[in-house]
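Participant: Take a look at the following structure, please.
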Amino acid sequence: MPDRRKVLSLVLLILVAFSSALFSAAGKTVHTLVIMGTTDMHQYIMPYDYMGDKPNESIGLAKVFTLIEKVRDENANTLLFDTGDFIQGSLVGDYGADVNPLKGFDFRTIVRAYNYIGYDAVSVGNHDVTDFGLEFFERAKNNSIFPWVSANIRLADDPKDS
């Protein structure tokens, strides 16, 4: 079975190519749309390998954010998506879920960062809903200002989904 991220990327690429050809053929002005995406951020905000306890310049949302800003500065029309598995994964994420859980109106730092960066939408990753439970996921989702997209998710004990 093909990976859903690859299929989604291919569909988006085809749509963008088709819409550009359509506008060109009709003699209309052609606009460029840049679609950016991240995946599997796993709570890595800073370029630091928490397991190895050392800097790692190849990971981290802070590093990605500088690239996002550069693309946005160079292009008027951009969309930014994430394909999931971002609220869980690193030691920072585990610490915030198991050792020192958030209380009251606090919410995940990664969700706050995604809000600030201005993601247009995110999809639900398997780790986002399974690793720390639905209450944890719902809290992250409810504190986001971006929409979450999902398909084929249902509660196993929900009789309406039978």
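Residues in the structure tokens are numbered from 1 in each chain, the chains being A, B, ... in the order shown, and ligands are numbered from 1 in the order shown.
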List the spatial neighbours of range 47-60 of chain A as a PDB file with N, CA, C and O atoms, in the first residue's frame - criterion: any atom at most 8 Å away, only C-alpha atoms, same-chain residues fewer than 3 positions off excluded.
Facilitator:
ATOM      1  N   MET A  41       8.110  15.874  13.272  1.00  0.00           N
ATOM      2  CA  MET A  41       8.948  16.791  14.063  1.00  0.00           C
ATOM      3  C   MET A  41       9.188  16.248  15.478  1.00  0.00           C
ATOM      4  O   MET A  41      10.177  16.580  16.113  1.00  0.00           O
ATOM      5  N   TYR A  44      10.810  18.095  18.458  1.00  0.00           N
ATOM      6  CA  TYR A  44      12.153  18.653  18.342  1.00  0.00           C
ATOM      7  C   TYR A  44      12.036  20.111  17.909  1.00  0.00           C
ATOM      8  O   TYR A  44      11.892  20.410  16.729  1.00  0.00           O
ATOM      9  N   LYS A  63      15.273  25.532  13.247  1.00  0.00           N
ATOM     10  CA  LYS A  63      16.046  25.538  12.004  1.00  0.00           C
ATOM     11  C   LYS A  63      15.110  25.580  10.795  1.00  0.00           C
ATOM     12  O   LYS A  63      15.331  26.320   9.854  1.00  0.00           O
ATOM     13  N   VAL A  64      14.051  24.783  10.846  1.00  0.00           N
ATOM     14  CA  VAL A  64      13.075  24.745   9.754  1.00  0.00           C
ATOM     15  C   VAL A  64      12.383  26.100   9.619  1.00  0.00           C
ATOM     16  O   VAL A  64      12.121  26.567   8.512  1.00  0.00           O
ATOM     17  N   SER A  90      10.182  13.236  21.257  1.00  0.00           N
ATOM     18  CA  SER A  90      11.505  13.440  21.853  1.00  0.00           C
ATOM     19  C   SER A  90      11.396  13.316  23.366  1.00  0.00           C
ATOM     20  O   SER A  90      10.317  13.207  23.938  1.00  0.00           O
ATOM     21  N   LEU A  91      12.535  13.376  24.023  1.00  0.00           N
ATOM     22  CA  LEU A  91      12.524  13.338  25.484  1.00  0.00           C
ATOM     23  C   LEU A  91      11.760  14.526  26.064  1.00  0.00           C
ATOM     24  O   LEU A  91      11.130  14.411  27.108  1.00  0.00           O
ATOM     25  N   VAL A  92      11.807  15.669  25.380  1.00  0.00           N
ATOM     26  CA  VAL A  92      11.062  16.843  25.829  1.00  0.00           C
ATOM     27  C   VAL A  92       9.564  16.536  25.807  1.00  0.00           C
ATOM     28  O   VAL A  92       8.829  16.858  26.730  1.00  0.00           O
TER      29      VAL A  92
END
Participant: Find the spatial neighbours of Thr38 in chain A, counting only C-alpha atoms, within a cut-off of 7 Å - ignore same-chain residues fewer than 4 positions away - and output them as a compact mmCIF listing (two decimals) with N, CA, C and O atoms, in the first residue's frame.
Facilitator:
# COMPACT_ATOMS: atom_id res chain seq x y z
N PHE A 81 1.97 23.00 5.63
CA PHE A 81 1.28 21.86 6.22
C PHE A 81 2.25 20.98 6.99
O PHE A 81 3.45 21.00 6.74
N ASP A 82 1.72 20.20 7.91
CA ASP A 82 2.50 19.18 8.60
C ASP A 82 1.73 17.87 8.49
O ASP A 82 0.50 17.87 8.59
N THR A 83 2.44 16.77 8.28
CA THR A 83 1.76 15.49 8.11
C THR A 83 1.73 14.64 9.36
O THR A 83 1.53 13.43 9.30
Participant: For the structure I just gave you, how does DSSP split range 18-101 of chain A - specifically, which residues are helix (DSSP H, G or I)? Reply as a ChimeraX atom specification.
Facilitator: /A:18-25,61-74,91-99
Participant: To one decimal place in Å, what is the distance between CA of Thr29 in chain A and CA of Leu80 in chain A?
Facilitator: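 Computing the Euclidean distance for CA of Thr29 in chain A and CA of Leu80 in chain A yields 23.3 Å.
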Participant: Using only C-alpha atoms, pick whichever of A:Ser144, A:His42, A:Ala151, A:Tyr114 has the shortest atom-to-atom distance to Phe65 in chain A.
Facilitator: A:Tyr114
Participant: Identify, on the basis of only C-alpha atoms, every residue whose closest approach to Ile87 in chain A does not exceed 12 Å; exclude the query and any residue fewer than 3 positions from it along the same chain; express the result as JSON, numbers by chain.
Facilitator: {"A": [39, 40, 41, 42, 43, 44, 45, 82, 83, 84, 90, 91, 92, 93, 94, 95, 96, 97, 107, 108, 109, 110, 111, 112, 113, 114, 122, 123, 124, 125, 126, 127, 128, 129, 130, 131, 132, 133, 136, 137, 138, 139, 140, 141, 143, 144]}
Participant: Counting only C-alpha atoms, which of A:Ile68, A:Leu134, A:Met46, A:Ala76 gets nearest to His31 in chain A?
Facilitator: A:Ala76
Participant: Suppose you want the space between CA of Ile117 in chain A and CA of Thr66 in chain A; what is it in Å?
Facilitator: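 Those two atoms sit 10.2 Å apart.
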Participant: Which one is closest to Leu61 in chain A: A:Asp73, A:Gly37, A:Asn142, A:Asn152? Count only C-alpha atoms.
Facilitator: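 So, comparing all the options, the nearest one is A:Gly37.
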Participant: As an exercise, work out the distance from CA of Phe146 in chain A to CA of Asn75 in chain A in Å and give it to one decimal place.
Facilitator: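 Straight-line distance from CA of Phe146 in chain A to CA of Asn75 in chain A works out to 21.0 Å.
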